[in-house]
>>> print(open('protein.cif').read())   # mmCIF, C-alpha atoms, pLDDT in the B column; chains and numbers go by the auth columns
data_structure
loop_
_atom_site.group_PDB
_atom_site.id
_atom_site.type_symbol
_atom_site.label_atom_id
_atom_site.label_comp_id
_atom_site.label_asym_id
_atom_site.label_seq_id
_atom_site.Cartn_x
_atom_site.Cartn_y
_atom_site.Cartn_z
_atom_site.B_iso_or_equiv
_atom_site.auth_seq_id
_atom_site.auth_asym_id
ATOM 1 C CA MET A 1 -35.430 23.623 19.858 51.00 1 R
ATOM 2 C CA PRO A 2 -32.385 21.282 20.031 49.00 2 R
ATOM 3 C CA THR A 3 -28.981 22.860 20.116 47.00 3 R
ATOM 4 C CA ALA A 4 -25.938 21.689 18.189 46.00 4 R
ATOM 5 C CA ALA A 5 -24.824 19.739 21.260 45.00 5 R
ATOM 6 C CA HIS A 6 -28.020 17.679 21.114 43.00 6 R
ATOM 7 C CA ARG A 7 -27.610 16.594 17.491 41.00 7 R
ATOM 8 C CA LEU A 8 -26.853 13.018 16.577 39.00 8 R
ATOM 9 C CA ASP A 9 -23.077 12.541 16.597 40.00 9 R
ATOM 10 C CA PRO A 10 -22.378 10.836 13.223 42.00 10 R
ATOM 11 C CA ALA A 11 -19.045 9.414 14.332 44.00 11 R
ATOM 12 C CA CYS A 12 -20.434 7.247 17.093 42.00 12 R
ATOM 13 C CA GLY A 13 -24.173 7.322 16.501 44.00 13 R
ATOM 14 C CA LYS A 14 -24.976 8.673 19.980 45.00 14 R
ATOM 15 C CA ALA A 15 -27.288 11.551 20.662 46.00 15 R
ATOM 16 C CA GLY A 16 -26.643 14.315 23.125 48.00 16 R
ATOM 17 C CA ARG A 17 -23.640 15.716 24.849 54.00 17 R
ATOM 18 C CA GLY A 18 -20.490 13.699 25.415 58.00 18 R
ATOM 19 C CA GLY A 19 -20.355 12.174 21.928 59.00 19 R
ATOM 20 C CA SER A 20 -16.865 13.559 21.362 55.00 20 R
ATOM 21 C CA ARG A 21 -15.698 12.204 24.704 54.00 21 R
ATOM 22 C CA ARG A 22 -17.142 8.768 23.948 53.00 22 R
ATOM 23 C CA ARG A 23 -15.494 8.808 20.536 51.00 23 R
ATOM 24 C CA ALA A 24 -12.131 9.781 22.081 44.00 24 R
ATOM 25 C CA LEU A 25 -12.427 7.040 24.708 42.00 25 R
ATOM 26 C CA TRP A 26 -13.411 4.524 22.021 44.00 26 R
ATOM 27 C CA LEU A 27 -10.403 5.551 19.880 40.00 27 R
ATOM 28 C CA CYS A 28 -8.058 5.290 22.895 40.00 28 R
ATOM 29 C CA GLY A 29 -9.404 1.831 23.669 41.00 29 R
ATOM 30 C CA LEU A 30 -8.965 0.786 20.060 37.00 30 R
ATOM 31 C CA ALA A 31 -5.390 2.118 20.043 41.00 31 R
ATOM 32 C CA LEU A 32 -4.603 0.148 23.213 39.00 32 R
ATOM 33 C CA LEU A 33 -6.121 -2.986 21.725 39.00 33 R
ATOM 34 C CA LEU A 34 -4.143 -2.603 18.499 39.00 34 R
ATOM 35 C CA SER A 35 -0.902 -1.972 20.365 38.00 35 R
ATOM 36 C CA ALA A 36 -1.507 -5.123 22.399 42.00 36 R
ATOM 37 C CA CYS A 37 -2.072 -7.055 19.169 44.00 37 R
ATOM 38 C CA SER A 38 1.224 -5.884 17.708 42.00 38 R
ATOM 39 C CA ARG A 39 3.063 -8.185 20.130 45.00 39 R
ATOM 40 C CA GLN A 40 1.530 -11.624 20.390 53.00 40 R
ATOM 41 C CA PRO A 41 3.321 -13.729 23.004 61.00 41 R
ATOM 42 C CA ASP A 42 0.278 -15.899 23.298 91.00 42 R
ATOM 43 C CA GLU A 43 -0.709 -19.467 22.634 94.00 43 R
ATOM 44 C CA ALA A 44 -2.226 -18.747 19.209 95.00 44 R
ATOM 45 C CA ALA A 45 1.001 -17.163 17.942 95.00 45 R
ATOM 46 C CA LEU A 46 3.052 -20.040 19.339 96.00 46 R
ATOM 47 C CA ARG A 47 0.783 -22.629 17.727 96.00 47 R
ATOM 48 C CA ALA A 48 1.135 -20.740 14.435 96.00 48 R
ATOM 49 C CA ALA A 49 4.938 -21.051 14.746 96.00 49 R
ATOM 50 C CA LEU A 50 4.555 -24.791 15.389 97.00 50 R
ATOM 51 C CA ASP A 51 2.300 -25.093 12.342 97.00 51 R
ATOM 52 C CA ALA A 52 4.849 -23.230 10.215 97.00 52 R
ATOM 53 C CA MET A 53 7.618 -25.530 11.420 97.00 53 R
ATOM 54 C CA GLN A 54 5.489 -28.601 10.662 97.00 54 R
ATOM 55 C CA ALA A 55 4.658 -27.338 7.151 98.00 55 R
ATOM 56 C CA ALA A 56 8.342 -26.626 6.505 97.00 56 R
ATOM 57 C CA ALA A 57 9.324 -30.131 7.648 96.00 57 R
ATOM 58 C CA GLU A 58 6.654 -31.712 5.453 97.00 58 R
ATOM 59 C CA GLY A 59 7.980 -29.605 2.581 97.00 59 R
ATOM 60 C CA ARG A 60 11.520 -30.762 3.428 96.00 60 R
ATOM 61 C CA ASP A 61 12.597 -27.112 3.644 97.00 61 R
ATOM 62 C CA THR A 62 15.577 -26.881 5.986 97.00 62 R
ATOM 63 C CA SER A 63 15.786 -23.072 5.847 97.00 63 R
ATOM 64 C CA ALA A 64 12.109 -22.639 6.671 98.00 64 R
ATOM 65 C CA VAL A 65 12.421 -25.018 9.639 97.00 65 R
ATOM 66 C CA LEU A 66 15.448 -23.103 10.899 97.00 66 R
ATOM 67 C CA ASP A 67 13.531 -19.814 10.559 97.00 67 R
ATOM 68 C CA GLN A 68 11.544 -21.028 13.588 97.00 68 R
ATOM 69 C CA VAL A 69 14.704 -21.869 15.589 97.00 69 R
ATOM 70 C CA ASP A 70 16.367 -19.449 17.987 96.00 70 R
ATOM 71 C CA PRO A 71 20.058 -18.668 17.327 95.00 71 R
ATOM 72 C CA ASP A 72 20.806 -19.969 20.856 95.00 72 R
ATOM 73 C CA PHE A 73 19.096 -23.334 20.193 95.00 73 R
ATOM 74 C CA ALA A 74 20.296 -26.305 22.243 93.00 74 R
ATOM 75 C CA GLY A 75 18.963 -29.819 21.782 86.00 75 R
ATOM 76 C CA ILE A 76 20.030 -33.387 22.430 74.00 76 R
ATOM 77 C CA ARG A 77 21.043 -36.472 20.468 71.00 77 R
ATOM 78 C CA GLU A 78 21.374 -35.725 16.768 71.00 78 R
ATOM 79 C CA ALA A 79 21.141 -31.956 17.203 81.00 79 R
ATOM 80 C CA GLY A 80 23.069 -30.436 20.082 88.00 80 R
ATOM 81 C CA ASP A 81 23.045 -26.921 18.595 92.00 81 R
ATOM 82 C CA ARG A 82 21.558 -25.023 15.665 94.00 82 R
ATOM 83 C CA GLU A 83 24.273 -26.102 13.192 94.00 83 R
ATOM 84 C CA GLU A 84 23.933 -29.757 14.160 93.00 84 R
ATOM 85 C CA LEU A 85 20.160 -29.418 13.757 94.00 85 R
ATOM 86 C CA ARG A 86 20.686 -28.027 10.249 95.00 86 R
ATOM 87 C CA ARG A 87 22.933 -30.969 9.311 94.00 87 R
ATOM 88 C CA TYR A 88 20.498 -33.462 10.831 91.00 88 R
ATOM 89 C CA LEU A 89 17.592 -31.974 8.848 94.00 89 R
ATOM 90 C CA VAL A 90 19.528 -32.010 5.573 95.00 90 R
ATOM 91 C CA GLY A 91 20.358 -35.695 6.054 93.00 91 R
ATOM 92 C CA PHE A 92 16.840 -36.574 7.171 90.00 92 R
ATOM 93 C CA PHE A 93 15.252 -34.795 4.208 94.00 93 R
ATOM 94 C CA LEU A 94 17.641 -36.475 1.756 93.00 94 R
ATOM 95 C CA THR A 95 16.832 -39.899 3.205 91.00 95 R
ATOM 96 C CA HIS A 96 13.051 -39.324 3.228 91.00 96 R
ATOM 97 C CA PRO A 97 11.638 -37.939 -0.038 91.00 97 R
ATOM 98 C CA GLN A 98 8.114 -37.777 1.403 93.00 98 R
ATOM 99 C CA ILE A 99 7.215 -36.679 4.922 95.00 99 R
ATOM 100 C CA ARG A 100 3.802 -36.363 6.545 95.00 100 R
ATOM 101 C CA ILE A 101 3.272 -35.260 10.128 96.00 101 R
ATOM 102 C CA THR A 102 0.128 -35.809 12.178 96.00 102 R
ATOM 103 C CA ARG A 103 0.134 -33.901 15.466 96.00 103 R
ATOM 104 C CA PRO A 104 -2.762 -35.035 17.670 95.00 104 R
ATOM 105 C CA LEU A 105 -1.331 -33.633 20.909 93.00 105 R
ATOM 106 C CA THR A 106 0.102 -30.187 21.538 95.00 106 R
ATOM 107 C CA GLU A 107 0.200 -28.846 25.100 97.00 107 R
ATOM 108 C CA VAL A 108 1.413 -25.291 25.676 96.00 108 R
ATOM 109 C CA ARG A 109 2.309 -23.703 29.020 96.00 109 R
ATOM 110 C CA LEU A 110 3.120 -19.999 28.753 96.00 110 R
ATOM 111 C CA LYS A 111 5.612 -18.543 31.219 93.00 111 R
ATOM 112 C CA GLY A 112 6.137 -14.892 30.297 91.00 112 R
ATOM 113 C CA GLU A 113 8.649 -14.634 27.465 93.00 113 R
ATOM 114 C CA HIS A 114 9.098 -18.433 27.466 96.00 114 R
ATOM 115 C CA ALA A 115 6.766 -21.340 26.848 97.00 115 R
ATOM 116 C CA GLU A 116 7.020 -25.058 27.462 97.00 116 R
ATOM 117 C CA VAL A 117 5.530 -27.184 24.708 98.00 117 R
ATOM 118 C CA GLN A 118 4.879 -30.901 24.745 97.00 118 R
ATOM 119 C CA VAL A 119 4.044 -32.476 21.394 97.00 119 R
ATOM 120 C CA ARG A 120 3.210 -35.999 20.315 97.00 120 R
ATOM 121 C CA PHE A 121 3.220 -36.590 16.587 95.00 121 R
ATOM 122 C CA LEU A 122 3.301 -39.350 14.004 95.00 122 R
ATOM 123 C CA VAL A 123 5.817 -39.054 11.182 95.00 123 R
ATOM 124 C CA THR A 124 5.064 -41.091 8.071 94.00 124 R
ATOM 125 C CA GLY A 125 6.271 -41.023 4.496 92.00 125 R
ATOM 126 C CA SER A 126 8.841 -42.743 2.353 89.00 126 R
ATOM 127 C CA GLY A 127 12.312 -43.906 3.199 79.00 127 R
ATOM 128 C CA ARG A 128 13.801 -46.425 5.540 75.00 128 R
ATOM 129 C CA TRP A 129 12.814 -44.878 8.878 75.00 129 R
ATOM 130 C CA LEU A 130 9.315 -43.685 7.908 81.00 130 R
ATOM 131 C CA ALA A 131 8.021 -46.669 5.932 77.00 131 R
ATOM 132 C CA GLU A 132 5.894 -47.820 8.873 82.00 132 R
ATOM 133 C CA GLY A 133 5.690 -44.462 10.641 90.00 133 R
ATOM 134 C CA ARG A 134 7.201 -43.336 13.919 91.00 134 R
ATOM 135 C CA TRP A 135 5.608 -41.764 16.960 94.00 135 R
ATOM 136 C CA VAL A 136 7.697 -38.974 18.447 94.00 136 R
ATOM 137 C CA GLU A 137 7.351 -37.411 21.893 96.00 137 R
ATOM 138 C CA ALA A 138 8.980 -33.989 22.114 95.00 138 R
ATOM 139 C CA GLN A 139 9.395 -31.491 24.922 96.00 139 R
ATOM 140 C CA SER A 140 10.586 -28.048 23.985 96.00 140 R
ATOM 141 C CA VAL A 141 11.110 -24.550 25.282 97.00 141 R
ATOM 142 C CA TRP A 142 10.256 -21.593 23.084 97.00 142 R
ATOM 143 C CA ARG A 143 11.294 -17.968 23.578 97.00 143 R
ATOM 144 C CA PHE A 144 9.497 -14.837 22.437 95.00 144 R
ATOM 145 C CA ARG A 145 12.258 -12.845 20.769 91.00 145 R
ATOM 146 C CA ASP A 146 12.321 -10.166 18.088 90.00 146 R
ATOM 147 C CA GLY A 147 8.539 -10.153 17.906 92.00 147 R
ATOM 148 C CA ARG A 148 8.001 -13.895 17.410 94.00 148 R
ATOM 149 C CA TRP A 149 8.234 -17.286 19.051 96.00 149 R
ATOM 150 C CA GLN A 150 11.399 -19.299 18.348 97.00 150 R
ATOM 151 C CA LEU A 151 12.423 -22.809 19.386 97.00 151 R
ATOM 152 C CA LEU A 152 15.107 -22.504 22.074 96.00 152 R
ATOM 153 C CA ASN A 153 15.512 -26.070 23.364 95.00 153 R
ATOM 154 C CA ALA A 154 14.185 -29.494 22.427 93.00 154 R
ATOM 155 C CA ARG A 155 14.303 -33.090 23.605 91.00 155 R
ATOM 156 C CA TRP A 156 12.609 -35.888 21.743 87.00 156 R
ATOM 157 C CA GLU A 157 12.152 -39.643 21.939 88.00 157 R
ATOM 158 C CA TYR A 158 10.949 -42.081 19.306 82.00 158 R
#
>>> encode(input="protein.cif", output="structure tokens")
Amino acid sequence: MPTAAHRLDPACGKAGRGGSRRRALWLCGLALLLSACSRQPDEAALRAALDAMQAAAEGRDTSAVLDQVDPDFAGIREAGDREELRRYLVGFFLTHPQIRITRPLTEVRLKGEHAEVQVRFLVTGSGRWLAEGRWVEAQSVWRFRDGRWQLLNARWEY
């Protein structure tokens, strides 16, 4: 006659002894997996930040673009720091009532808490600069800070 230890363990569907141990190990593994997922310094999270920045630019939403930008941002040309980037975006969005971005190339190289990103994209829309579209090549450095990826540095050519 089977003892209580030989019954089917309903929690994990295993028969015999050790069901509680298997369930505890499974729960520990799940907890480790979930804790690893709570911090996502990976390529998928970085690409999601790039997508959010692109959507914000297409929506001409300066604040939403800047939400993706690190407080220590440093760039070149029109935007040497975060405040200059804000002013540049305001002017660009006022000059171009419609903006569409096509991003056929995005290369990401993760380096711990930093990542190097190379992007090639086509900007089209309305307004003087975008009437015929412009290809832009951008190199940037992103930093994982406060639980998310933020743009730290950028250089671009068009």
>>> closest_residue(input="protein.cif", among="R:Asp70, R:Glu84, R:Glu157, R:Glu132", to="Arg120 of chain R", atoms="all atoms listed in the file")
R:Glu157
>>> residues_around(input="protein.cif", residues="Arg87 of chain R", least_positions_apart="5", cutoff="12 Å", atoms="only C-alpha atoms", output="list in words")
Thr62, Ser63, Leu66, Glu78, Ala79, Gly80, Asp81, Arg82, Phe92, Phe93 and Leu94 of chain R
>>> write_last_selection(input="protein.cif", atoms="C-alpha atoms", output="PDB file, keeping the file's coordinate frame")
ATOM      1  CA  THR R  62      15.577 -26.881   5.986  1.00 97.00           C
ATOM      2  CA  SER R  63      15.786 -23.072   5.847  1.00 97.00           C
ATOM      3  CA  LEU R  66      15.448 -23.103  10.899  1.00 97.00           C
ATOM      4  CA  GLU R  78      21.374 -35.725  16.768  1.00 71.00           C
ATOM      5  CA  ALA R  79      21.141 -31.956  17.203  1.00 81.00           C
ATOM      6  CA  GLY R  80      23.069 -30.436  20.082  1.00 88.00           C
ATOM      7  CA  ASP R  81      23.045 -26.921  18.595  1.00 92.00           C
ATOM      8  CA  ARG R  82      21.558 -25.023  15.665  1.00 94.00           C
ATOM      9  CA  PHE R  92      16.840 -36.574   7.171  1.00 90.00           C
ATOM     10  CA  PHE R  93      15.252 -34.795   4.208  1.00 94.00           C
ATOM     11  CA  LEU R  94      17.641 -36.475   1.756  1.00 93.00           C
TER      12      LEU R  94
END
>>> resolve_selection(input="protein.cif", expression="the PyMOL selection byres ((chain R and resi 61) around 12)", output="PyMOL selection string")
chain R and resi 52-60+62-68+86+89-94+97-99
>>> resolve_selection(input="protein.cif", expression="the PyMOL selection byres ((chain R and resi 146-148) around 12)", output="list in words")
Cys37, Ser38, Arg39, Gln40, Pro41, Asp42, Glu43, Ala44, Ala45, Leu46, Arg47, Ala48, Ala49, Leu50, Asp67, Gln68, Val69, Asp70, Pro71, Glu113, His114, Trp142, Arg143, Phe144, Arg145, Trp149, Gln150 and Leu151 of chain R
>>> atom_distance(input="protein.cif", atom1="atom CA of Gln139 of chain R", atom2="atom CA of Gly125 of chain R")
22.8 Å
>>> atom_distance(input="protein.cif", atom1="atom CA of Ile76 of chain R", atom2="atom CA of Asp51 of chain R")
22.0 Å
>>> atom_distance(input="protein.cif", atom1="atom CA of Val123 of chain R", atom2="atom CA of Thr95 of chain R")
13.6 Å
>>> closest_residue(input="protein.cif", among="R:Leu152, R:Val141, R:Val136, R:Ala74", to="Val108 of chain R", atoms="all atoms listed in the file")
R:Val141
>>> axis_aligned_box(input="protein.cif", around="segment 65-68 of chain R", padding_each_side="5 Å", output="AutoDock Vina command-line options")
--center_x 13.5 --center_y -22.4 --center_z 11.6 --size_x 13.9 --size_y 15.2 --size_z 13.9
>>> resolve_selection(input="protein.cif", expression="the PyMOL selection byres ((chain R and resi 102) around 6)", output="MDAnalysis selection string")
chainID R and resid 101 103 121:122
